[in-house]
Amino acid sequence: KFGAQIFIDGRGMVAPGDREFAENFENGAGSVSHDGEAIYGAQVIAALEAQAFLEKDRQALIDVAGALISKDSLINKCISLFNEGQIKKCLSETLGAKKKFPNEPFIFNLLGVLYSHMELYEDSIKNYSLAIKLNSKYFEAYNNIGVTYSSLKKSNKAIECFNKAIQINPLYAEAYNNKGNALKDKEEYQLAIDCYEKSRNLKVNYIEPITNLGIVWDLMNDFTKSERYFKQALSIDPTNTSVLYNLANCYFNAGQFEQSIHVCEKIIDLDQSF
């Protein structure tokens, strides 16, 4: 049974901003052929998609969606363990779930995420591949396996996976952003820029591709454009230390040392451990 991956896109998209409606809609539809964790997984994903029309913070989305299902569910337990940094315990719970639901692609995708977090990339790829084998339209798993290949510096393999994710879901902003990263790693900067622009146009206030545009233009020594994109990113999240760091680096590379120092001081004020 494919569980969370069958009809959830439709449920979330017909209920923009109404996570409870999306969750209830998916519960009724999914219960025709599924039960237990498969239903919970479907409800979480449907609620995530519906709420994403209003909320841009990933952790807030996960918290909101998880609150709609049973606190005793495996999915909520794994989310809590992951957020608490108890990765090995989360892995143990998920491996236990795999024994109960050996044909559930959601669980294999989750295992892939956990192994990748632990930098066990071969195990990560193996589990993402099993998720895709169970559901050939699982575009999130294609995206995730692409990210793993990028971590292994296998940019061409990564791009193949991102292209597959985009082929299945042409509106998948994250896949365009990640494809841009792989192209940037290959120093194919103009193609990377095209992907980042596509990504930001698909998803309003998506800070990652805007920041990445700043990084690419910095690499191309166009510091004026680089600064402009970093400032756009900061208009979305003024306290984002990663963006501020890249802006400081841009100023440094442009020879604007006083401005670079000023931004660095702001970073330290925000995060003493940075």
# chains A, B, ... in the order shown; residues from 1 in each chain; ligands from 1
>>> residues_around(residues="Ser155 (chain A)", least_positions_apart="3", cutoff="6 Å", atoms="only C-alpha atoms", output="VMD selection string")
chain A and resid 150 158 182
>>> residues_around(residues="Glu265 (chain A)", least_positions_apart="6", cutoff="12 Å", atoms="only C-alpha atoms", output="compact mmCIF listing (two decimals) with N, CA, C and O atoms, in the first residue's frame")
# COMPACT_ATOMS: atom_id res chain seq x y z
N THR A 241 21.50 34.44 10.19
CA THR A 241 22.96 34.60 10.30
C THR A 241 23.69 34.03 9.09
O THR A 241 24.77 34.51 8.73
N LEU A 244 23.51 36.73 6.49
CA LEU A 244 24.38 37.82 6.92
C LEU A 244 25.85 37.47 6.70
O LEU A 244 26.65 38.32 6.27
N TYR A 245 26.20 36.22 6.98
CA TYR A 245 27.59 35.79 6.77
C TYR A 245 27.97 35.91 5.29
O TYR A 245 29.06 36.38 4.95
N ALA A 248 28.47 39.52 4.44
CA ALA A 248 29.78 39.98 4.92
C ALA A 248 30.90 39.51 4.00
O ALA A 248 31.84 40.26 3.70
N GLU A 258 35.02 47.78 5.82
CA GLU A 258 34.28 48.35 6.95
C GLU A 258 32.85 47.81 6.99
O GLU A 258 32.33 47.49 8.06
N GLN A 259 32.22 47.72 5.82
CA GLN A 259 30.87 47.17 5.77
C GLN A 259 30.88 45.69 6.16
O GLN A 259 29.96 45.21 6.83
N ASP A 271 24.31 35.90 17.49
CA ASP A 271 24.72 34.54 17.87
C ASP A 271 26.17 34.58 18.34
O ASP A 271 27.09 34.60 17.51
N GLN A 272 26.36 34.54 19.65
CA GLN A 272 27.71 34.62 20.20
C GLN A 272 28.58 33.42 19.83
O GLN A 272 29.80 33.51 19.87
N PHE A 274 28.67 32.00 16.86
CA PHE A 274 28.89 31.93 15.42
C PHE A 274 30.38 32.08 15.11
O PHE A 274 31.04 32.99 15.61
>>> closest_residue(among="A:Ser116, A:Asn103, A:Asn143, A:Asn221", to="Leu130 (chain A)", atoms="only C-alpha atoms")
A:Asn103
>>> residues_around(residues="Ala254 (chain A)", least_positions_apart="3", cutoff="10 Å", atoms="only C-alpha atoms", output="list in words")
Asp218, Asn221, Asp222, Phe223, Thr224, Glu227, Ala248, Asn249, Cys250, Tyr251, Phe257 and Ser260 of chain A
>>> atom_distance(atom1="CA of Ile87 (chain A)", atom2="CA of Asn127 (chain A)")
16.3 Å
>>> residues_around(residues="Lys186 (chain A)", least_positions_apart="5", cutoff="10 Å", atoms="only C-alpha atoms", output="list in words")
Lys153, Lys154, Ser155, Asn156, Gly180, Asn181 and Ala192 of chain A
>>> closest_residue(among="A:Ala141, A:Leu183, A:Ile79, A:Leu213", to="Ile166 (chain A)", atoms="only C-alpha atoms")
A:Ala141
>>> atom_distance(atom1="CA of Gly146 (chain A)", atom2="CA of Phe162 (chain A)")
5.9 Å
>>> residues_around(residues="Tyr176 (chain A)", least_positions_apart="6", cutoff="7 Å", atoms="only C-alpha atoms", output="NGL selection string")
:A and (195-196 or 198-199)
>>> write_last_selection(atoms="C-alpha atoms", output="mmCIF file, in the first residue's frame")
data_model
loop_
_atom_site.group_PDB
_atom_site.id
_atom_site.type_symbol
_atom_site.label_atom_id
_atom_site.label_comp_id
_atom_site.auth_asym_id
_atom_site.auth_seq_id
_atom_site.Cartn_x
_atom_site.Cartn_y
_atom_site.Cartn_z
ATOM 1 C CA CYS A 195 17.143 27.192 -11.725
ATOM 2 C CA TYR A 196 17.254 29.538 -8.744
ATOM 3 C CA LYS A 198 12.563 29.363 -11.432
ATOM 4 C CA SER A 199 12.543 28.194 -7.825
#
>>> select_by_dssp(residues="region 49-239 of chain A", states="alpha helix (DSSP H)", output="PyMOL selection string")
chain A and resi 49-51+58-66+74-83+87-100+105-117+121-134+139-151+155-168+173-185+189-202+207-219+223-236
>>> atom_distance(atom1="CA of Ala165 (chain A)", atom2="CA of Val147 (chain A)")
11.6 Å
>>> closest_residue(among="A:Lys184, A:Tyr142, A:Val204, A:Thr94", to="Ile168 (chain A)", atoms="only C-alpha atoms")
A:Tyr142
>>> closest_residue(among="A:Asn135, A:Ser242, A:Asn201, A:Ser129", to="Tyr172 (chain A)", atoms="only C-alpha atoms")
A:Asn201
